[in-house]
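Novice: This is structure_26.cif, which holds mmCIF, C-alpha atoms:
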```cif
data_start
#
loop_
_atom_site.label_atom_id
_atom_site.label_comp_id
_atom_site.auth_asym_id
_atom_site.auth_seq_id
_atom_site.Cartn_x
_atom_site.Cartn_y
_atom_site.Cartn_z
CA MET V 238 117.86 65.33 103.46
CA ARG V 239 118.37 64.32 99.85
CA PHE V 240 118.25 60.81 98.43
CA GLU V 241 119.33 59.91 94.92
CA VAL V 242 119.12 56.47 93.33
CA GLN V 243 122.33 56.36 91.29
CA ASN V 244 121.76 53.01 89.60
CA GLN V 245 119.35 50.10 89.72
CA ASP V 246 120.16 46.49 88.78
CA LYS V 247 116.77 44.78 88.56
CA ASN V 248 115.37 45.62 92.02
CA ALA V 249 118.72 46.22 93.76
CA ARG V 250 119.51 49.92 94.23
CA ALA V 251 122.68 51.95 94.74
CA GLY V 252 121.99 55.39 96.14
CA LYS V 253 123.38 58.45 97.88
CA LEU V 254 121.77 59.76 101.05
CA THR V 255 122.84 63.29 102.00
CA LEU V 256 122.33 64.24 105.63
CA SER V 257 123.56 67.12 107.78
CA HIS V 258 126.59 65.15 108.99
CA GLY V 259 127.74 63.86 105.62
CA GLU V 260 126.90 61.59 102.72
CA VAL V 261 125.87 57.97 103.19
CA LEU V 262 126.24 55.65 100.21
CA THR V 263 123.62 52.92 100.02
CA PRO V 264 122.99 50.07 100.48
CA ILE V 265 124.36 50.66 103.96
CA PHE V 266 124.66 48.71 107.19
CA MET V 267 124.40 50.82 110.34
CA PRO V 268 126.41 49.57 113.34
CA VAL V 269 124.36 49.63 116.54
CA GLY V 270 125.54 52.05 119.22
CA THR V 271 122.87 51.46 121.85
CA GLN V 272 124.21 53.86 124.50
CA GLY V 273 125.70 56.29 122.01
CA VAL V 274 128.73 54.03 121.58
CA ILE V 275 129.45 50.73 119.82
CA LYS V 276 130.42 48.32 122.59
CA GLY V 277 134.19 47.95 122.81
CA LEU V 278 134.98 50.76 120.34
CA ASP V 279 135.54 54.49 120.44
CA TYR V 280 134.76 56.85 117.59
CA LEU V 281 138.31 56.86 116.29
CA ASP V 282 137.79 53.14 115.70
CA VAL V 283 134.44 53.86 114.03
CA GLN V 284 135.82 56.55 111.75
CA ASN V 285 139.29 55.16 111.03
CA HIS V 286 138.87 51.37 111.06
CA LEU V 287 135.24 51.06 109.99
CA GLU V 288 134.75 54.29 108.01
CA ALA V 289 131.13 54.16 109.13
CA LYS V 290 129.14 57.21 108.05
CA ILE V 291 126.02 56.46 110.08
CA ILE V 292 125.32 54.49 113.25
CA LEU V 293 122.19 53.69 115.23
CA GLY V 294 121.50 54.99 118.73
CA ASN V 295 118.80 53.73 121.06
CA THR V 296 116.23 56.31 122.14
CA TYR V 297 114.92 54.22 125.03
CA HIS V 298 118.32 53.61 126.61
CA LEU V 299 119.65 57.15 126.08
CA TYR V 300 116.47 58.60 127.55
CA LEU V 301 116.79 56.48 130.69
CA ARG V 302 120.55 56.91 131.09
CA VAL V 303 120.95 60.59 130.16
CA GLY V 304 117.55 62.20 129.77
CA ILE V 305 116.22 65.04 127.63
CA GLU V 306 117.45 68.04 129.64
CA LYS V 307 120.95 66.69 130.20
CA MET V 308 121.27 65.77 126.52
CA LYS V 309 120.23 69.29 125.52
CA ALA V 310 122.77 70.78 127.94
CA LEU V 311 125.47 68.49 126.53
CA GLY V 312 124.77 69.67 122.99
CA GLY V 313 123.15 66.58 121.55
CA LEU V 314 124.47 63.15 120.74
CA HIS V 315 127.15 64.23 118.25
CA LYS V 316 128.85 66.66 120.61
CA PHE V 317 128.34 64.36 123.59
CA SER V 318 129.92 61.34 121.89
CA GLY V 319 132.48 63.02 119.66
CA TYR V 320 131.21 61.17 116.59
CA SER V 321 131.13 63.43 113.53
CA GLY V 322 129.01 61.15 111.32
CA ASN V 323 125.26 60.68 111.24
CA PHE V 324 123.01 59.15 113.87
CA LEU V 325 119.76 57.31 113.28
CA THR V 326 117.78 56.79 116.47
CA ASP V 327 115.03 54.27 116.96
CA SER V 328 111.85 55.12 118.83
CA GLY V 329 111.95 52.77 121.80
CA GLY V 330 109.03 50.76 120.43
CA PHE V 331 111.07 47.59 120.16
CA GLN V 332 112.26 47.90 123.75
CA ALA V 333 108.67 48.33 124.88
CA PHE V 334 107.82 45.21 122.88
CA SER V 335 110.69 43.14 124.27
CA LEU V 336 110.22 44.35 127.86
CA ALA V 337 106.45 43.72 127.83
CA GLY V 338 105.44 47.37 127.97
CA LYS V 339 101.70 48.13 128.11
CA ARG V 340 100.24 49.63 124.93
CA ARG V 341 97.66 52.34 125.45
CA GLU V 342 95.81 54.23 122.75
CA GLU V 343 97.91 57.29 123.60
CA GLY V 344 101.30 55.54 123.79
CA ILE V 345 103.35 52.92 125.62
CA GLU V 346 103.70 52.60 129.39
CA PHE V 347 106.79 50.81 130.66
CA SER V 348 109.01 50.31 133.69
CA SER V 349 112.67 51.18 133.54
CA HIS V 350 114.89 48.09 133.47
CA ILE V 351 117.40 50.13 135.52
CA ASP V 352 115.42 51.21 138.58
CA GLY V 353 111.81 50.18 137.96
CA SER V 354 110.59 53.77 137.56
CA LYS V 355 107.45 54.28 135.47
CA HIS V 356 107.53 56.06 132.11
CA PHE V 357 105.13 56.78 129.28
CA PHE V 358 106.12 57.25 125.64
CA THR V 359 103.75 59.13 123.36
CA PRO V 360 104.52 59.87 119.70
CA GLU V 361 105.31 63.48 120.61
CA LYS V 362 107.51 62.62 123.60
CA VAL V 363 109.60 60.21 121.52
CA LEU V 364 110.26 62.99 119.00
CA ASP V 365 111.16 65.41 121.81
CA ILE V 366 113.78 62.93 123.01
CA GLU V 367 115.13 62.56 119.49
CA TYR V 368 115.25 66.34 118.97
CA ALA V 369 117.34 66.55 122.14
CA LEU V 370 119.61 63.83 120.74
CA ASN V 371 119.69 65.83 117.47
CA SER V 372 119.33 62.64 115.43
CA ASP V 373 119.83 62.96 111.69
CA ILE V 374 117.11 60.35 111.14
CA MET V 375 114.39 59.84 113.72
CA MET V 376 112.19 56.75 113.83
CA ILE V 377 108.66 57.38 115.06
CA LEU V 378 106.82 55.45 117.72
CA ASP V 379 105.04 52.40 116.28
CA ASP V 380 103.17 49.42 117.67
CA LEU V 381 105.36 46.39 117.05
CA VAL V 382 103.83 42.94 117.35
CA GLY V 383 105.66 39.62 117.62
CA LEU V 384 104.90 36.73 115.29
CA PRO V 385 102.83 34.65 115.15
CA ALA V 386 99.96 36.94 116.14
CA SER V 387 96.21 36.98 115.70
CA GLU V 388 94.61 38.96 112.88
CA GLU V 389 92.90 41.10 115.49
CA ARG V 390 96.24 42.03 117.08
CA ILE V 391 97.89 42.75 113.72
CA LEU V 392 95.01 45.01 112.66
CA GLN V 393 95.20 46.80 116.00
CA SER V 394 98.94 47.29 115.46
CA ILE V 395 98.39 48.79 112.01
CA GLU V 396 95.62 51.13 113.12
CA ARG V 397 97.62 52.34 116.11
CA THR V 398 100.82 52.70 114.07
CA THR V 399 99.01 54.81 111.45
CA ARG V 400 97.38 57.00 114.08
CA TRP V 401 100.68 57.55 115.87
CA ALA V 402 102.38 58.22 112.52
CA LYS V 403 99.89 61.02 111.76
CA GLN V 404 100.44 62.51 115.22
CA SER V 405 104.20 62.32 114.73
CA LEU V 406 104.11 63.94 111.30
CA ASP V 407 101.83 66.74 112.50
CA TYR V 408 104.10 67.43 115.46
CA HIS V 409 107.25 67.34 113.32
CA ALA V 410 105.68 69.64 110.72
CA LEU V 411 104.85 72.13 113.48
CA GLN V 412 108.46 72.12 114.70
CA LYS V 413 109.70 72.64 111.15
CA SER V 414 107.29 75.51 110.57
CA GLN V 415 108.65 77.23 113.70
CA GLY V 416 112.22 77.01 112.42
CA LYS V 417 113.14 74.08 114.64
CA ALA V 418 114.26 70.54 113.76
CA GLN V 419 115.81 71.72 110.49
CA THR V 420 118.43 68.96 110.41
CA ASN V 421 116.18 66.20 111.76
CA ASN V 422 114.51 63.80 109.32
CA ILE V 423 111.63 61.45 110.08
CA PHE V 424 110.87 57.89 108.94
CA ALA V 425 107.59 55.98 109.29
CA ILE V 426 107.49 52.24 110.01
CA VAL V 427 105.33 49.78 108.06
CA GLN V 428 103.77 46.98 110.11
CA GLY V 429 101.40 44.13 109.22
CA GLY V 430 103.07 40.82 110.02
CA THR V 431 103.66 38.57 107.02
CA ASP V 432 100.19 38.97 105.51
CA GLU V 433 100.09 40.77 102.15
CA ARG V 434 96.70 42.37 102.85
CA TYR V 435 97.87 43.91 106.10
CA ARG V 436 101.28 45.03 104.85
CA SER V 437 99.54 46.66 101.90
CA LYS V 438 97.09 48.41 104.22
CA SER V 439 99.90 49.73 106.45
CA ALA V 440 102.16 50.84 103.58
CA LYS V 441 99.36 52.62 101.71
CA GLU V 442 98.16 54.43 104.81
CA LEU V 443 101.63 55.61 105.79
CA THR V 444 102.76 56.72 102.34
CA ALA V 445 99.53 58.73 101.94
CA LEU V 446 100.08 60.76 105.13
CA ARG V 447 100.63 64.50 104.72
CA SER V 448 100.62 67.43 107.14
CA GLU V 449 100.10 71.05 106.07
CA VAL V 450 101.21 74.03 108.15
CA ASP V 451 100.97 77.60 106.83
CA GLY V 452 100.56 76.36 103.29
CA VAL V 453 103.62 74.08 103.40
CA VAL V 454 103.02 70.35 102.95
CA TYR V 455 105.19 67.93 104.90
CA GLU V 456 105.55 64.17 104.40
CA TYR V 457 107.81 61.39 105.61
CA ASP V 458 111.45 61.47 104.48
CA GLY V 459 111.75 57.68 104.30
CA TYR V 460 110.03 54.43 105.17
CA ALA V 461 111.10 51.48 107.27
CA ILE V 462 109.81 47.94 107.31
CA GLY V 463 109.40 46.85 110.90
CA GLY V 464 107.98 43.78 112.57
CA LEU V 465 110.23 41.28 110.81
CA ALA V 466 112.93 39.03 112.28
CA VAL V 467 110.60 38.60 115.26
CA GLY V 468 109.74 34.93 114.90
CA GLU V 469 108.97 34.28 111.24
CA SER V 470 111.15 32.19 108.89
CA SER V 471 113.60 33.74 106.41
CA GLU V 472 111.36 32.60 103.57
CA GLU V 473 108.39 34.42 105.12
CA MET V 474 110.54 37.52 105.56
CA TYR V 475 111.61 37.50 101.91
CA ALA V 476 108.05 36.95 100.69
CA THR V 477 106.91 39.88 102.84
CA LEU V 478 109.59 42.10 101.31
CA ASP V 479 108.55 41.01 97.83
CA PHE V 480 105.03 42.36 98.23
CA THR V 481 105.81 45.30 100.55
CA LEU V 482 108.72 47.09 98.86
CA PRO V 483 106.84 47.89 95.62
CA LEU V 484 104.30 49.79 97.74
CA LEU V 485 106.94 52.22 99.07
CA SER V 486 108.13 55.40 97.39
CA THR V 487 110.86 54.70 94.83
CA HIS V 488 112.55 58.06 95.43
CA LYS V 489 112.92 57.66 99.21
CA PRO V 490 115.16 55.38 101.27
CA ARG V 491 113.85 52.00 102.42
CA TYR V 492 115.07 50.66 105.74
CA LEU V 493 114.69 47.07 106.96
CA MET V 494 114.90 47.24 110.74
CA GLY V 495 116.85 44.77 112.89
CA VAL V 496 118.04 42.49 110.06
CA GLY V 497 120.19 40.45 110.15
CA THR V 498 122.50 37.73 108.84
CA PRO V 499 124.75 38.34 105.81
CA GLU V 500 122.38 36.14 103.78
CA ASN V 501 119.37 38.20 104.93
CA ILE V 502 121.11 41.40 103.87
CA ILE V 503 122.05 40.14 100.40
CA GLU V 504 118.53 38.84 99.80
CA ALA V 505 116.98 42.11 100.99
CA ILE V 506 119.30 44.21 98.82
CA SER V 507 118.28 42.13 95.81
CA ARG V 508 114.67 43.11 96.57
CA GLY V 509 115.35 46.85 96.89
CA VAL V 510 116.23 47.58 100.53
CA ASP V 511 118.69 50.45 101.11
CA MET V 512 119.41 50.46 104.86
CA PHE V 513 120.00 47.87 107.58
CA ASP V 514 120.92 47.58 111.25
CA CYS V 515 121.42 44.63 113.57
CA VAL V 516 123.25 43.79 116.81
CA MET V 517 124.35 40.47 115.30
CA PRO V 518 127.91 41.40 114.22
CA THR V 519 128.78 43.03 117.54
CA ARG V 520 126.98 40.62 119.87
CA ASN V 521 128.29 37.58 118.01
CA ALA V 522 131.81 38.96 118.08
CA ARG V 523 131.71 39.17 121.86
CA ASN V 524 130.46 35.56 121.98
CA ALA V 525 133.30 34.19 119.80
CA THR V 526 131.43 34.03 116.48
CA ILE V 527 133.38 35.56 113.61
CA PHE V 528 131.83 36.38 110.23
CA THR V 529 134.02 35.71 107.21
CA SER V 530 133.73 35.59 103.43
CA PHE V 531 133.54 31.79 103.74
CA GLY V 532 130.95 31.61 106.51
CA LYS V 533 131.07 31.78 110.31
CA LEU V 534 133.77 30.42 112.59
CA SER V 535 133.96 30.04 116.36
CA ILE V 536 137.27 31.53 117.47
CA LYS V 537 137.10 29.76 120.84
CA SER V 538 137.57 26.39 119.14
CA SER V 539 140.91 24.70 119.90
CA ARG V 540 141.45 24.19 116.16
CA TYR V 541 142.57 27.85 115.98
CA ALA V 542 145.10 27.72 118.83
CA LEU V 543 148.06 27.47 116.40
CA ASP V 544 146.44 29.06 113.34
CA GLU V 545 148.62 31.96 112.19
CA SER V 546 146.30 33.05 109.37
CA PRO V 547 144.06 36.12 109.67
CA LEU V 548 140.41 35.76 110.60
CA ASP V 549 139.49 36.22 106.91
CA SER V 550 142.08 36.13 104.12
CA GLU V 551 139.88 38.45 102.03
CA CYS V 552 139.32 41.05 104.76
CA ASP V 553 141.13 44.40 104.83
CA CYS V 554 140.27 45.30 108.44
CA TYR V 555 142.74 46.42 111.09
CA THR V 556 142.38 43.13 112.96
CA CYS V 557 143.04 40.93 109.93
CA LYS V 558 146.03 43.04 108.87
CA HIS V 559 147.78 42.79 112.25
CA PHE V 560 146.61 39.76 114.23
CA SER V 561 146.19 36.02 113.76
CA ARG V 562 143.40 33.61 114.56
CA ALA V 563 145.70 32.09 117.19
CA TYR V 564 146.05 35.46 118.92
CA LEU V 565 142.31 36.14 118.89
CA HIS V 566 141.73 32.60 120.19
CA HIS V 567 144.17 33.30 123.03
CA LEU V 568 142.55 36.64 123.88
CA PHE V 569 139.07 35.13 123.99
CA ARG V 570 140.14 32.16 126.10
CA SER V 571 141.99 34.54 128.45
CA ASN V 572 138.91 36.78 128.77
CA GLU V 573 140.88 39.81 127.66
CA ILE V 574 138.87 42.95 126.90
CA THR V 575 141.06 43.63 123.87
CA TYR V 576 139.45 40.60 122.22
CA HIS V 577 136.07 42.37 122.16
CA ARG V 578 137.53 45.40 120.38
CA LEU V 579 139.44 43.43 117.75
CA ALA V 580 136.63 40.97 117.02
CA THR V 581 134.05 43.78 116.84
CA ILE V 582 136.19 45.77 114.41
CA HIS V 583 136.46 42.72 112.17
CA ASN V 584 132.78 41.71 112.22
CA LEU V 585 131.55 45.23 111.54
CA ARG V 586 134.13 45.77 108.80
CA TYR V 587 132.97 42.51 107.22
CA TYR V 588 129.35 43.73 107.20
CA LEU V 589 130.30 47.14 105.86
CA ASN V 590 132.51 45.59 103.17
CA LEU V 591 129.61 43.31 102.22
CA VAL V 592 127.24 46.21 101.51
CA ARG V 593 130.02 48.19 99.82
CA GLY V 594 130.70 45.25 97.55
CA ALA V 595 127.00 44.95 96.79
CA ARG V 596 126.86 48.65 95.96
CA GLU V 597 129.79 48.44 93.54
CA ALA V 598 128.20 45.43 91.85
CA ILE V 599 124.90 47.31 91.43
CA LEU V 600 126.70 50.30 89.92
CA GLN V 601 128.43 47.94 87.48
CA GLY V 602 125.20 46.09 86.64
CA ARG V 603 126.54 42.78 87.97
CA PHE V 604 124.68 42.31 91.24
CA GLU V 605 123.34 38.85 90.35
CA GLU V 606 126.89 37.70 89.67
CA PHE V 607 128.01 39.20 92.99
CA LYS V 608 125.20 37.36 94.76
CA LYS V 609 126.16 34.03 93.17
CA GLU V 610 129.81 34.54 94.18
CA PHE V 611 128.72 35.34 97.74
CA TYR V 612 126.84 32.06 98.08
CA ALA V 613 129.48 29.99 96.23
CA LYS V 614 132.14 30.93 98.79
CA ARG V 615 129.95 29.85 101.68
CA GLN V 616 129.32 26.28 100.52
#
```
Could you take the file, read its structure, and then write that structure out as structure tokens?

Specialist:
Amino acid sequence: MRFEVQNQDKNARAGKLTLSHGEVLTPIFMPVGTQGVIKGLDYLDVQNHLEAKIILGNTYHLYLRVGIEKMKALGGLHKFSGYSGNFLTDSGGFQAFSLAGKRREEGIEFSSHIDGSKHFFTPEKVLDIEYALNSDIMMILDDLVGLPASEERILQSIERTTRWAKQSLDYHALQKSQGKAQTNNIFAIVQGGTDERYRSKSAKELTALRSEVDGVVYEYDGYAIGGLAVGESSEEMYATLDFTLPLLSTHKPRYLMGVGTPENIIEAISRGVDMFDCVMPTRNARNATIFTSFGKLSIKSSRYALDESPLDSECDCYTCKHFSRAYLHHLFRSNEITYHRLATIHNLRYYLNLVRGAREAILQGRFEEFKKEFYAKRQ
């Protein structure tokens, strides 16, 4: 993996991330493909209509649905799915958090939401799953905590996350030294709630981690900020980014996990974040909420029944080029599956166009102007 910061406009960064399945220009939004597919789309849609160079897969769900041995036999996630771009896979930590998994010192114990079977994720087992998936970027197992939380619980989360991060790095370094995992990159996840002391503690501990095998020193390829968008306000999120991002390596990608709204993304880019993911554009599309340059609209509203304009007059997506608001309104009201595909294409294209526009503005040294224009349209 190579990462190059091509230009910086104040704190906002435009970069190029080179992975084994192609270049990714940052800032980037990664569509979420939980089961190895973006709901409602196939990979021709992803490549032709979205031009997405990287998407996110869910380690927890792919492990339960497919499993390590089957995924190995099927040749990994790229061959299995037919997608030729890059995959980032999460660790399953969020699913354990949201499904009330039991944290142990060695890992996370949880019950399958499919059949109730018992499973145990350790830092090493999560990486083994991700090696089988052949992820281009692998997120390690961390101890996510919801907010608000006690200081005791936050400190426990940081200590456990750091310990698991060291185990993960040591295990990954061993695989690398044995000639394995050559195309797999590994990101650590900073925790600490919204408290500057704890975020600083977590970031400093993780960025200091090294693992040496046979005289070769290994470190993390990038750093993510986790544990946000889990109950705190937007203002608390932005303040947390303000004091956390300067603690992370300037020459490595910075990933804000699970965020968020278009406004969240613009604000985070202005603070120096390079990578994003969120289910919001796809989930909201299926529930009739359309993102546009001028704000959100609810396509199920009767006001669109005779509206022959596109979803967004400034959008270049396949849906906006060929179909009207009236048609999408009809499809949604008729419960037609085609609605999900067309609305998902539009919402994801909107998000991808948003980060592409931000990137161009950063390269031109006019990001603040771009940001002002973004907000002016939404008033």

Novice: I'd like the neighbourhood of region 488-505 of chain V as a PyMOL selection string, where a residue qualifies if any of its atoms comes within 8 Å (using only C-alpha atoms), though same-chain residues fewer than 3 positions away should be ignored.

Specialist: chain V and resi 240-242+254+458-466+471+475+478+482+485+508-517+588+591+595+608

Novice: On this structure, which residues satisfy the PyMOL selection byres ((chain V and resi 280-291) around 9), written as an NGL selection string?

Specialist: :V and (258-262 or 265-268 or 274-275 or 278-279 or 292-293 or 318-325 or 554-555 or 582-583 or 585-586 or 589)

Novice: Considering only C-alpha atoms, state which residue in the set V:Gln415, V:Thr581, V:Asn371, V:Gln332 is at the smallest distance from Ile305 (chain V).

Specialist: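 Of V:Gln415, V:Thr581, V:Asn371, V:Gln332, the one nearest Ile305 (chain V) is V:Asn371, counting only C-alpha atoms.
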
Novice: Could you check which of V:Ser394, V:Ser439, V:Gln243, V:Thr444 is closest to Phe424 (chain V), using only C-alpha atoms?

Specialist: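 Once distances to Phe424 (chain V) are computed over only C-alpha atoms, the minimum belongs to V:Thr444.
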
Novice: CA of Gly252 (chain V) and CA of Arg239 (chain V) are how many Å apart?

Specialist: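 According to the coordinates, CA of Gly252 (chain V) and CA of Arg239 (chain V) are separated by 10.3 Å.
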
Novice: What gap, in Å, lies between CA of Arg397 (chain V) and CA of Glu342 (chain V)?

Specialist: 7.1 Å

Novice: Rounded to one decimal place, report the CA of Pro360 (chain V)-CA of Trp401 (chain V) distance in Å.

Specialist: 5.9 Å

Novice: Expand the PyMOL selection byres ((chain V and resi 429-434) around 7) into the individual residues it matches in the shown file, reporting them as a PDB file with C-alpha atoms, in the frame of the given file.

Specialist:
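Contents of out19.pdb, freshly written:
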```
ATOM      1  CA  LEU V 384     104.900  36.730 115.290  1.00  0.00           C
ATOM      2  CA  ILE V 391      97.890  42.750 113.720  1.00  0.00           C
ATOM      3  CA  ILE V 395      98.390  48.790 112.010  1.00  0.00           C
ATOM      4  CA  VAL V 427     105.330  49.780 108.060  1.00  0.00           C
ATOM      5  CA  GLN V 428     103.770  46.980 110.110  1.00  0.00           C
ATOM      6  CA  TYR V 435      97.870  43.910 106.100  1.00  0.00           C
ATOM      7  CA  ARG V 436     101.280  45.030 104.850  1.00  0.00           C
ATOM      8  CA  SER V 437      99.540  46.660 101.900  1.00  0.00           C
ATOM      9  CA  LYS V 438      97.090  48.410 104.220  1.00  0.00           C
ATOM     10  CA  SER V 439      99.900  49.730 106.450  1.00  0.00           C
ATOM     11  CA  GLY V 464     107.980  43.780 112.570  1.00  0.00           C
ATOM     12  CA  GLU V 473     108.390  34.420 105.120  1.00  0.00           C
ATOM     13  CA  THR V 477     106.910  39.880 102.840  1.00  0.00           C
ATOM     14  CA  PHE V 480     105.030  42.360  98.230  1.00  0.00           C
TER      15      PHE V 480
END
```

Novice: Given the file shown, determine the residues that the PyMOL selection byres ((chain V and resi 367) around 9) selects; report them as a PyMOL selection string.

Specialist: chain V and resi 296+305+326-328+362-366+368-372+374-376+421

Novice: Pick the closest to Lys533 (chain V) from V:Pro264, V:Pro518, V:Gly304, V:Gly594: which is it, counting only C-alpha atoms?

Specialist: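 Closest to Lys533 (chain V), using only C-alpha atoms: V:Pro518.
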
Novice: Listed atoms of region 323-333 of chain V, axis-aligned box, 8 Å per side: centre and edge lengths to one decimal in Å, as AutoDock Vina command-line options?

Specialist:
```
--center_x 117.0 --center_y 54.1 --center_z 118.1 --size_x 32.6 --size_y 29.1 --size_z 29.6
```

Novice: Check the smallest atom-to-atom distance from each of V:Asn584, V:Thr420, V:Thr556, V:Thr399 to Thr529 (chain V) using only C-alpha atoms, then report the winner.

Specialist: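 Closest candidate: V:Asn584.
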